[in-house]
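For reference, the structure is listed below as structure tokens.
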Amino acid sequence: MQLNSKNVIYEDNHIIAINKPAGLLAQGDKTGDKSLIDLTKFFLKKKYNKPGNVFVGLPHRIDRPVSGSIILAKTSKSLSRLTKLFREKTIKKTYWVIVKNKLRKQSETLIHYLKKNQKINKSFASNEKKEGFLKAELQYHFLKKLENYFLYEIKLITGRHHQIRAQLSHIGSPIKGDIKYGSKRTNKDGSICLHARKIEFTHPIKKENISIIAPVPKHSIWATCEK
């Protein structure tokens with residue numbers, strides 16, 4: 001897999017935003033598979049004909065089977081400032097999600113408590129606060145009825161491990177293709193129908209307001225979502 005200019009949804013001297021394909025790791029892990037960081041370094045090295053090492057920093061991540069917008073830093077200064085913005089939760093992230101089972105309301109705020117099981121890389125949700133469980137909060141809004149599914153927009157209030165996946169599963173609406181969290185079947189390409197649609201933030205260097213929108217994947221079920 002290689003990145004090309006079509007994957008780039010924003011770039012300046014300080015940051016680059018990529019529309020990550022589902023199935024690509026954001027950061028290297030024990031599998032040894034190529035990651036978004038590796039591919040972005042190669043892309044920038046080739047684009048600008050750089051002779052030495054290329055700096056690429058990752059201030060946040062999205063899960064491997066998830067597609068969509070992810071910001072990378074091109075300098076250490078922008079990395080430290082972006083990391084601070086994410087830590088302070090001043091960066092707004094909006095996701096699109098496709099589910100089989102319609103959610104109970106048009107719009108709602110969901111509050112649960114999540115605990116990550118490191119061994120199986122899965123988070124479990126509780127309605128009540130328990131020891132070791134962290135508060136997880138999101139807002140959802142109905143967007144569109146698809147042929148056999150429903151499209152929702154989700155705004156994250158907190159940023160927990162597998163938060164959207166775990167919370168939607170907990171209320172009986174697992175994400176299409178997400179068998180880890182209760183979907184009955186996988187998607188053919190191994191993706192789940194969760195897409196990081198938009199990121200809004202204040203540029204760490206220029207101090208301008210930036211809004212980045214990632215086009216949806218070119219799969220049949222997503223094709224009707226932007227129409």
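If you're wondering about the labels, chains in the structure tokens are A, B, ... by order shown, residues count from 1 in each chain, ligands from 1 in order shown.
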
From a DSSP calculation on the backbone, collect every residue of stretch 1-226 of chain A in helix (DSSP H, G or I) and output the set as a PyMOL selection string. chain A and resi 5-7+36-47+76-87+163-170+179-181+220-223

Find the spatial neighbours of stretch 211-221 of chain A, counting only C-alpha atoms, within a cut-off of 8 Å - ignore same-chain residues fewer than 5 positions away - and output them as a short mmCIF file (atom, residue, chain, number, x, y, z; two decimals) with C-alpha atoms, in the first residue's frame.
data_model
loop_
_atom_site.label_atom_id
_atom_site.label_comp_id
_atom_site.auth_asym_id
_atom_site.auth_seq_id
_atom_site.Cartn_x
_atom_site.Cartn_y
_atom_site.Cartn_z
CA ILE A 9 -6.91 16.26 2.65
CA TYR A 10 -4.81 19.09 4.11
CA ALA A 17 -3.96 15.40 7.33
CA ASN A 19 -7.79 10.25 4.82
CA PRO A 21 -7.90 3.81 4.43
CA SER A 67 -11.24 5.00 7.94
CA GLY A 68 -11.02 8.76 7.84
CA SER A 69 -9.22 11.91 8.87
CA HIS A 195 -15.44 6.86 9.44
CA ALA A 196 -13.63 9.80 11.01
CA ARG A 197 -15.51 12.39 8.98
CA LYS A 198 -14.35 15.74 10.32
CA ILE A 199 -11.74 17.36 12.56
CA GLU A 200 -12.00 20.98 13.71
CA PHE A 201 -9.19 22.72 15.56
CA GLU A 226 -22.86 11.80 0.72
#

Considering only C-alpha atoms, can you say which of A:Ala125, A:Leu114, A:Cys193, A:Leu44 comes closest to A:Pro65? A:Cys193

Closest of A:Lys74, A:Arg61, A:Lys129, A:Arg165 to A:Lys45, counting only C-alpha atoms, is A:Lys74

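Taking only C-alpha atoms into account, A:Ile16 lies nearest to A:Ile71 out of the set A:Ile205, A:Ile111, A:Ile71, A:Leu156.
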
Check the DSSP output for the backbone and give back, as a PyMOL selection string, the residues of stretch 92-196 of chain A in strand (DSSP E or B). chain A and resi 92-99+107-117+122-126+134-145+150-156+175+194-196

If you measure from atom CA of A:Thr83 to atom CA of A:Thr202, what distance in Å do you get, rounded to one decimal?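 Spanning atom CA of A:Thr83 to atom CA of A:Thr202 is a straight-line distance of 12.5 Å.
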
Check the smallest atom-to-atom distance from each of A:Glu88, A:Asp189, A:Glu11, A:Asp63 to A:Gln163 using only C-alpha atoms, then report the winner.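 That would be A:Asp63, the residue with the smallest distance to A:Gln163.
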
Skipping near chain neighbours, those fewer than 5 positions away, what residues fall within 6 Å of A:Arg64 using only C-alpha atoms, listed as a VMD selection string? chain A and resid 23 to 25

With N, CA and C atoms retained, export the selected residues as a tab-separated table (two decimals), in the first residue's frame.
chain	number	residue	atom	x	y	z
A	23	GLY	N	-8.03	-0.55	7.53
A	23	GLY	CA	-7.08	-1.65	7.44
A	23	GLY	C	-5.64	-1.23	7.63
A	24	LEU	N	-5.38	0.07	7.56
A	24	LEU	CA	-4.01	0.58	7.73
A	24	LEU	C	-3.78	0.96	9.18
A	25	LEU	N	-2.71	0.46	9.76
A	25	LEU	CA	-2.33	0.84	11.12
A	25	LEU	C	-1.95	2.32	11.15

Using only C-alpha atoms, determine which residues lie at most 12 Å from A:Lys105, disregarding the query and same-chain residues fewer than 4 positions distant; provide the list as a list in words.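 Near A:Lys105, the qualifying residues are Asn101, Thr109, Leu110, Gln139, Tyr140, His141, Phe142, Leu143, Tyr152 and Ile171 of chain A.
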
Output C-alpha atoms of each residue in that selection to a file, as a CSV table (one decimal), in the first residue's frame.
chain,number,residue,atom,x,y,z
A,101,ASN,CA,-30.4,-1.5,14.3
A,109,THR,CA,-26.2,11.9,24.6
A,110,LEU,CA,-24.9,8.6,25.7
A,139,GLN,CA,-23.6,12.6,21.2
A,140,TYR,CA,-25.3,11.0,18.2
A,141,HIS,CA,-27.6,12.4,15.6
A,142,PHE,CA,-29.6,10.6,12.9
A,143,LEU,CA,-28.5,11.6,9.3
A,152,TYR,CA,-25.6,8.5,12.2
A,171,ILE,CA,-27.2,-0.3,23.5

May I ask which of the residues A:Pro204, A:Ser191, A:His161, A:Asn148 is the closest one to A:Gln118, counting only C-alpha atoms?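 Ranking A:Pro204, A:Ser191, A:His161, A:Asn148 by distance to A:Gln118, first place goes to A:His161.
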
For a quick check of understanding, using only C-alpha atoms, which of A:Lys115, A:Lys207, A:Lys34, A:Lys188 has the smallest distance to A:His162?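 Closest residue, counting only C-alpha atoms: A:Lys115.
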
Determine, counting only C-alpha atoms, which protein, DNA and RNA residues have an atom within 9 Å of an atom of A:Lys180; residues of the same chain fewer than 2 positions away are not included. Present the result as an NGL selection string. :A and (122 or 165 or 177-178 or 182-183)

Next, dump the selected residues to file, keeping only C-alpha atoms, as a CSV table (one decimal), in the first residue's frame.
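Below is the file that was written, again.csv:
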chain,number,residue,atom,x,y,z
A,122,LYS,CA,-11.5,-4.8,23.8
A,165,ARG,CA,-17.7,0.8,19.1
A,177,GLY,CA,-18.8,-5.2,10.1
A,178,ASP,CA,-17.6,-5.0,13.7
A,182,GLY,CA,-21.5,-7.9,18.2
A,183,SER,CA,-22.0,-7.4,14.4

One decimal, in Å: what's the spacing between atom CA of A:Gly159 and atom CA of A:Asp38?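 Taking atom CA of A:Gly159 as the start and atom CA of A:Asp38 as the end point, the length is 24.6 Å.
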
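Interatomic distance, atom CA of A:Phe43 against atom CA of A:Ala22: 18.2 Å.
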
Compile the contact shell of A:Thr40 as a ChimeraX atom specification: residues with an atom at most 9 Å away, counting only C-alpha atoms, same-chain residues fewer than 4 positions apart removed. /A:2-3,16,18,35-36,44-45,56,72

Serialized selection, N, CA and C atoms, as a CSV table (one decimal), in the first residue's frame:
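The resulting part.csv:
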chain,number,residue,atom,x,y,z
A,2,GLN,N,0.5,2.2,-0.8
A,2,GLN,CA,1.2,3.5,-0.8
A,2,GLN,C,0.1,4.6,-0.7
A,3,LEU,N,0.6,5.8,-0.2
A,3,LEU,CA,-0.2,7.0,-0.1
A,3,LEU,C,0.0,7.8,-1.4
A,16,ILE,N,0.1,17.6,8.2
A,16,ILE,CA,-0.5,17.0,7.1
A,16,ILE,C,-1.7,16.1,7.6
A,18,ILE,N,-4.4,13.1,6.6
A,18,ILE,CA,-4.6,12.0,5.7
A,18,ILE,C,-5.9,11.4,5.9
A,35,SER,N,2.8,1.1,8.6
A,35,SER,CA,1.9,2.0,9.2
A,35,SER,C,1.7,3.3,8.5
A,36,LEU,N,0.7,4.0,8.9
A,36,LEU,CA,0.4,5.3,8.3
A,36,LEU,C,1.7,6.2,8.4
A,44,LEU,N,6.2,12.0,1.8
A,44,LEU,CA,6.8,13.3,1.9
A,44,LEU,C,8.2,13.3,1.3
A,45,LYS,N,9.0,12.2,1.6
A,45,LYS,CA,10.3,12.1,1.1
A,45,LYS,C,10.4,12.1,-0.4
A,56,VAL,N,7.8,12.7,11.0
A,56,VAL,CA,6.4,12.6,11.0
A,56,VAL,C,6.0,12.2,12.5
A,72,LEU,N,-1.2,14.4,11.2
A,72,LEU,CA,0.2,14.1,11.6
A,72,LEU,C,1.0,15.4,11.6
